[in-house]
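Beneath this line is the structure, given in structure tokens, with notes to follow.
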Amino acid sequence: MSGRPVGPRSPHLEVLSRLFAEALGTDRFGVADDFFRAGGNSVDVMRLVSRIRSAFGVALAPDVVFRNPTVLGVAAHLDMDTDGGDALDTLLVLRARGTRPPLFCVHPGGGMSWCYTALLGSLDPGTPLYGLQSRGLKPGDVPVTGGIEEMVDDCLGLISGVQPEGPYHLLGWSFGGTLAHALACRLQKEGEEVALLAAMDAEPTTSPTHREDRVPTARELLLGLLHEFGYDQRELAKVPLRPDRVAALLRREGSAMAYLEPSHIHAVIDVYTNNQRAMYGYEPGVFRGDLHLFAAVDDADDVWLDPSRWTPYITGEVRTHSLACTHRSIVRRGPMAEIAQILNSLTV
């Protein structure tokens, strides 16, 4: 490879670029780089094909890589989104094929479900994987301006289009865990079965951090959004934050976020702001069953997470799975691999 690698423009390309890099034993691999010019050989091809099968649940013939030795070439063969056009759809199809029940992953505060791509590779290849994303991320979308129940309406429409009836399997990180709980309650109210409700480092809206008298300031909302995308809030304590500045920070090198248009990133900021404010004053329902809670236990900044706060809102048990990570690093490959292994045993 020579020059600066061209980065991914969609979550599918981001995963595929990582798989190419892993097969070659390198840190980064551009979407237009040639696999063989980068040092790949037939053994590396077999390693790559195996990783693609595990991640996407598709059997890729080795000759496809020989004929299409770039990320873009393989993605086109697999009919993946290569320009980011589908990456902001309300239904993000991460893996469409599989014989097991699908897993629906609810978006965190920023409205995007790209973080769940880290499950690919460790989640059972037979499990279809879908991300539920917020309205308002694409030009022309009517943004969500209401509260949690309006978001639940959207989620219901998305999952019923894929799976008309239960049993359903739901997962959500942070705000997504809160929304997944609300979605599970609604599904049960409508007579559907929810076989799995799982949340990653999430809390109910009635916790002390979501009291109505603590509605966050604009700066706190922007800091929260940056935290969700991996920035350390402590490093930004004295940095003036405006939407334009936040948009520039989100367009960091090496992330698919860097290839979104400025209008998209401003939309993410608006979605995050609405989602956070929607939690204040919302009273959760009661889910009939257990909650599997994946808790980040290495986060000194997020000591607020107390699993017992979920107890009034479920009839079963809070089954806590502790992970040696922080709130924002829980969506990295290591912790997500642990989560995927547990999910594999729960979604049979």
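To be explicit about the labels: the chains of the structure tokens are called A, B, and onward in the order shown, and within each one the residues are counted from 1, while ligands get numbers from 1 in the order they are shown.
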**Report entry** All strand (DSSP E) residues (DSSP, backbone) inside range 74-301 of chain A, as an MDAnalysis selection string
**Finding:** chainID A and resid 91:95 103:106 129:132 168:173 194:200 291:296
Requested in this report: Could you give me, as a ChimeraX atom specification, the residues within 10 Å of range 41-48 of chain A, counting only C-alpha atoms and dropping anything in the same chain fewer than 5 positions from it?
Outcome: /A:16,19-25,35-36,53-54,60-66,69
Report task. Identify, on the basis of only C-alpha atoms, every residue whose closest approach to Gly316 in chain A does not exceed 9 Å; exclude the query and any residue fewer than 4 positions from it along the same chain; express the result as JSON, numbers by chain. Result -> {"A": [287, 288, 289, 290, 291, 311]}
Requested in this report: Between A:Leu221, A:Val348, A:Thr273, A:Asp201, single out the one closest to Thr326 in chain A, counting only C-alpha atoms.
Outcome: A:Asp201
**Report entry** Shell of 6 Å around Ile265 in chain A, only C-alpha atoms, local chain residues under 3 positions omitted, as a list in words
**Finding:** Ala247, Pro262 and Val268 of chain A
Report task. Please indicate the distance in Å from CA of Pro167 in chain A to CA of Ala180 in chain A, rounded to one decimal place. Result ->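 Separation between CA of Pro167 in chain A and CA of Ala180 in chain A: 14.5 Å.
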Query raised in the report: Can you tell me, as number ranges by chain, what residues are no more than 7 Å from range 118-133 of chain A when counting only C-alpha atoms, ignoring any on the same chain fewer than 6 positions away?
Result: A: 51, 54-57, 89-107, 111-112, 155, 331-333, 336-337, 340-341, 344
Next, dump the selected residues to file, keeping only C-alpha atoms, as a PDB file, in the first residue's frame.
ATOM      1  CA  ARG A  51     -13.483 -14.208   8.672  1.00  0.00           C
ATOM      2  CA  SER A  54     -18.062 -15.679  10.456  1.00  0.00           C
ATOM      3  CA  ALA A  55     -18.925 -11.988  10.303  1.00  0.00           C
ATOM      4  CA  PHE A  56     -21.617 -11.910   7.630  1.00  0.00           C
ATOM      5  CA  GLY A  57     -22.823 -15.505   7.482  1.00  0.00           C
ATOM      6  CA  ASP A  89     -31.666   4.120   6.914  1.00  0.00           C
ATOM      7  CA  THR A  90     -33.898   3.528   9.908  1.00  0.00           C
ATOM      8  CA  LEU A  91     -33.336  -0.220   9.454  1.00  0.00           C
ATOM      9  CA  LEU A  92     -29.627  -1.009   9.243  1.00  0.00           C
ATOM     10  CA  VAL A  93     -29.194  -4.541   7.895  1.00  0.00           C
ATOM     11  CA  LEU A  94     -25.936  -5.837   9.346  1.00  0.00           C
ATOM     12  CA  ARG A  95     -26.533  -9.515   8.572  1.00  0.00           C
ATOM     13  CA  ALA A  96     -29.658 -10.582   6.709  1.00  0.00           C
ATOM     14  CA  ARG A  97     -29.048 -14.336   6.502  1.00  0.00           C
ATOM     15  CA  GLY A  98     -29.373 -16.927   9.228  1.00  0.00           C
ATOM     16  CA  THR A  99     -31.440 -19.763  10.632  1.00  0.00           C
ATOM     17  CA  ARG A 100     -31.613 -18.481  14.214  1.00  0.00           C
ATOM     18  CA  PRO A 101     -33.987 -15.776  15.493  1.00  0.00           C
ATOM     19  CA  PRO A 102     -32.854 -12.275  14.493  1.00  0.00           C
ATOM     20  CA  LEU A 103     -31.313  -9.929  17.029  1.00  0.00           C
ATOM     21  CA  PHE A 104     -32.627  -6.354  16.917  1.00  0.00           C
ATOM     22  CA  CYS A 105     -30.202  -3.764  18.287  1.00  0.00           C
ATOM     23  CA  VAL A 106     -31.670  -0.433  19.356  1.00  0.00           C
ATOM     24  CA  HIS A 107     -29.739   2.754  18.654  1.00  0.00           C
ATOM     25  CA  GLY A 111     -29.468   7.554  16.738  1.00  0.00           C
ATOM     26  CA  MET A 112     -26.973   5.386  14.818  1.00  0.00           C
ATOM     27  CA  CYS A 155     -39.124   0.546  16.249  1.00  0.00           C
ATOM     28  CA  VAL A 331     -18.757  -1.324  22.144  1.00  0.00           C
ATOM     29  CA  ARG A 332     -15.188  -2.185  21.180  1.00  0.00           C
ATOM     30  CA  ARG A 333     -14.352  -5.601  19.807  1.00  0.00           C
ATOM     31  CA  MET A 336     -18.468  -7.045  22.311  1.00  0.00           C
ATOM     32  CA  ALA A 337     -16.930 -10.470  21.711  1.00  0.00           C
ATOM     33  CA  ALA A 340     -21.721 -11.976  21.690  1.00  0.00           C
ATOM     34  CA  GLN A 341     -20.680 -15.243  23.318  1.00  0.00           C
ATOM     35  CA  ASN A 344     -25.136 -16.943  21.542  1.00  0.00           C
TER      36      ASN A 344
END
**Report entry** Selected residue, from A:Val74, A:His264, A:Tyr116, A:Arg234, that lies nearest to Ala248 in chain A when counting only C-alpha atoms
**Finding:**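 Residue with the minimum atom-to-atom distance to Ala248 in chain A: A:His264.
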Query raised in the report: CA of Glu14 in chain A and CA of Ala32 in chain A, how far apart in Å?
Result: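 It comes out at 12.4 Å.
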List the neighbours of Leu236 in chain A out to 12 Å using only C-alpha atoms; skip same-chain residues closer than 6 positions along the sequence, and give me the result as a compact mmCIF listing (two decimals) with N, CA and C atoms, in the first residue's frame.
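Final output, saved to out33.txt:
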# COMPACT_ATOMS: atom_id res chain seq x y z
N ARG A 219 -24.24 22.35 26.30
CA ARG A 219 -22.87 21.86 26.37
C ARG A 219 -22.82 20.43 26.87
N GLU A 220 -23.61 20.12 27.89
CA GLU A 220 -23.62 18.76 28.43
C GLU A 220 -24.11 17.76 27.38
N LEU A 222 -23.75 18.08 24.09
CA LEU A 222 -22.67 17.92 23.11
C LEU A 222 -21.55 17.06 23.67
N LEU A 223 -21.22 17.24 24.94
CA LEU A 223 -20.20 16.41 25.57
C LEU A 223 -20.65 14.95 25.59
N GLY A 224 -21.92 14.73 25.88
CA GLY A 224 -22.44 13.37 25.91
C GLY A 224 -22.35 12.69 24.56
N LEU A 226 -20.15 13.38 22.15
CA LEU A 226 -18.75 13.07 21.89
C LEU A 226 -18.29 11.87 22.71
N HIS A 227 -18.78 11.77 23.93
CA HIS A 227 -18.45 10.62 24.78
C HIS A 227 -18.93 9.33 24.13
N GLY A 230 -16.58 8.06 21.59
CA GLY A 230 -15.23 7.69 21.99
C GLY A 230 -14.34 8.78 22.51
N ARG A 245 -18.02 22.76 15.91
CA ARG A 245 -16.82 22.17 16.51
C ARG A 245 -17.01 20.68 16.76
N VAL A 246 -18.19 20.32 17.26
CA VAL A 246 -18.48 18.91 17.51
C VAL A 246 -18.51 18.13 16.21
N LEU A 249 -15.02 17.40 15.20
CA LEU A 249 -14.41 16.35 16.01
C LEU A 249 -14.93 14.97 15.60
Query - Pick from A:Ala76, A:Ile269, A:Ala87, A:Ala202 nearest to Val31 in chain A, counting only C-alpha atoms - result: A:Ala76
**Report entry** Residue with smallest distance to Ser160 in chain A - pool A:Leu187, A:Leu88, A:Ile342, A:Leu241, counting only C-alpha atoms
**Finding:** A:Leu187
Query raised in the report: Could you write out, as an NGL selection string, all the residues of range 270-329 of chain A that DSSP marks as alpha helix (DSSP H)?
Result: :A and (270-278)
Write the residues you've just listed into a file as a tab-separated table (two decimals), in the first residue's frame, and include N, CA and C atoms for each of them.
chain	number	residue	atom	x	y	z
A	270	ASP	N	-28.71	16.81	16.45
A	270	ASP	CA	-30.12	17.10	16.75
A	270	ASP	C	-30.83	15.88	17.31
A	271	VAL	N	-30.56	14.71	16.71
A	271	VAL	CA	-31.19	13.47	17.18
A	271	VAL	C	-30.76	13.17	18.62
A	272	TYR	N	-29.48	13.31	18.89
A	272	TYR	CA	-28.98	13.04	20.24
A	272	TYR	C	-29.64	13.98	21.25
A	273	THR	N	-29.73	15.25	20.90
A	273	THR	CA	-30.33	16.22	21.81
A	273	THR	C	-31.77	15.85	22.13
A	274	ASN	N	-32.55	15.49	21.09
A	274	ASN	CA	-33.95	15.11	21.32
A	274	ASN	C	-34.05	13.83	22.14
A	275	ASN	N	-33.19	12.85	21.83
A	275	ASN	CA	-33.26	11.57	22.54
A	275	ASN	C	-32.96	11.72	24.03
A	276	GLN	N	-31.96	12.54	24.34
A	276	GLN	CA	-31.62	12.73	25.75
A	276	GLN	C	-32.74	13.45	26.49
A	277	ARG	N	-33.30	14.46	25.88
A	277	ARG	CA	-34.37	15.21	26.54
A	277	ARG	C	-35.64	14.38	26.67
A	278	ALA	N	-35.82	13.41	25.76
A	278	ALA	CA	-37.02	12.57	25.81
A	278	ALA	C	-37.06	11.71	27.06
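The shortest atom-to-atom distance to Gly285 in chain A, with only C-alpha atoms taken into account, belongs to A:Arg186 out of A:Arg309, A:His321, A:Lys238, A:Arg186.
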**Report entry** Near-range 295-299 of chain A list (9 Å; only C-alpha atoms; drop same-chain fewer than 6 positions) as a list in words
**Finding:** Ala199, Met200, Asp201, Ala202, Leu305, Pro307, Thr320, His321, Ser322, Leu323, Ala324, Cys325, Thr326, His327, Arg328, Ser329 and Ile330 of chain A
Write a file of the just-selected residues containing N, CA and C atoms, as a PDB file, in the first residue's frame.
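As a result, selection.pdb now contains:
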ATOM      1  N   ALA A 199     -29.568  -5.298  27.858  1.00  0.00           N
ATOM      2  CA  ALA A 199     -29.136  -3.900  27.828  1.00  0.00           C
ATOM      3  C   ALA A 199     -27.656  -3.827  28.161  1.00  0.00           C
ATOM      4  N   MET A 200     -26.974  -2.915  27.495  1.00  0.00           N
ATOM      5  CA  MET A 200     -25.547  -2.710  27.713  1.00  0.00           C
ATOM      6  C   MET A 200     -25.336  -1.381  28.429  1.00  0.00           C
ATOM      7  N   ASP A 201     -24.951  -1.461  29.694  1.00  0.00           N
ATOM      8  CA  ASP A 201     -24.631  -0.272  30.479  1.00  0.00           C
ATOM      9  C   ASP A 201     -25.730   0.788  30.361  1.00  0.00           C
ATOM     10  N   ALA A 202     -26.939   0.373  30.646  1.00  0.00           N
ATOM     11  CA  ALA A 202     -28.095   1.267  30.541  1.00  0.00           C
ATOM     12  C   ALA A 202     -28.787   1.378  31.889  1.00  0.00           C
ATOM     13  N   LEU A 305     -24.289   3.747  37.484  1.00  0.00           N
ATOM     14  CA  LEU A 305     -24.985   2.545  37.038  1.00  0.00           C
ATOM     15  C   LEU A 305     -25.188   1.587  38.205  1.00  0.00           C
ATOM     16  N   PRO A 307     -27.500  -1.706  38.961  1.00  0.00           N
ATOM     17  CA  PRO A 307     -28.456  -2.663  38.388  1.00  0.00           C
ATOM     18  C   PRO A 307     -29.776  -2.739  39.143  1.00  0.00           C
ATOM     19  N   THR A 320     -26.955  -9.687  35.838  1.00  0.00           N
ATOM     20  CA  THR A 320     -25.853  -8.783  35.511  1.00  0.00           C
ATOM     21  C   THR A 320     -24.635  -9.558  35.027  1.00  0.00           C
ATOM     22  N   HIS A 321     -24.090  -9.116  33.900  1.00  0.00           N
ATOM     23  CA  HIS A 321     -22.861  -9.679  33.343  1.00  0.00           C
ATOM     24  C   HIS A 321     -21.809  -8.564  33.379  1.00  0.00           C
ATOM     25  N   SER A 322     -20.848  -8.679  34.277  1.00  0.00           N
ATOM     26  CA  SER A 322     -19.850  -7.625  34.457  1.00  0.00           C
ATOM     27  C   SER A 322     -18.741  -7.749  33.419  1.00  0.00           C
ATOM     28  N   LEU A 323     -18.354  -6.602  32.860  1.00  0.00           N
ATOM     29  CA  LEU A 323     -17.311  -6.559  31.840  1.00  0.00           C
ATOM     30  C   LEU A 323     -16.226  -5.580  32.261  1.00  0.00           C
ATOM     31  N   ALA A 324     -14.977  -5.973  32.074  1.00  0.00           N
ATOM     32  CA  ALA A 324     -13.844  -5.118  32.446  1.00  0.00           C
ATOM     33  C   ALA A 324     -13.612  -4.077  31.355  1.00  0.00           C
ATOM     34  N   CYS A 325     -14.450  -3.057  31.344  1.00  0.00           N
ATOM     35  CA  CYS A 325     -14.358  -2.005  30.333  1.00  0.00           C
ATOM     36  C   CYS A 325     -15.075  -0.776  30.867  1.00  0.00           C
ATOM     37  N   THR A 326     -15.068   0.291  30.076  1.00  0.00           N
ATOM     38  CA  THR A 326     -15.780   1.511  30.442  1.00  0.00           C
ATOM     39  C   THR A 326     -17.065   1.610  29.625  1.00  0.00           C
ATOM     40  N   HIS A 327     -17.856   2.617  29.952  1.00  0.00           N
ATOM     41  CA  HIS A 327     -19.128   2.793  29.243  1.00  0.00           C
ATOM     42  C   HIS A 327     -18.906   2.951  27.746  1.00  0.00           C
ATOM     43  N   ARG A 328     -17.930   3.758  27.361  1.00  0.00           N
ATOM     44  CA  ARG A 328     -17.747   3.983  25.927  1.00  0.00           C
ATOM     45  C   ARG A 328     -16.960   2.873  25.246  1.00  0.00           C
ATOM     46  N   SER A 329     -16.101   2.141  26.014  1.00  0.00           N
ATOM     47  CA  SER A 329     -15.326   1.070  25.376  1.00  0.00           C
ATOM     48  C   SER A 329     -16.082  -0.250  25.341  1.00  0.00           C
ATOM     49  N   ILE A 330     -17.278  -0.291  25.903  1.00  0.00           N
ATOM     50  CA  ILE A 330     -18.047  -1.539  25.891  1.00  0.00           C
ATOM     51  C   ILE A 330     -18.408  -1.952  24.468  1.00  0.00           C
TER      52      ILE A 330
END
Report task. Can you work out the spacing between CA of Asp79 in chain A and CA of Ser50 in chain A in Å, to one decimal? Result -> 18.3 Å
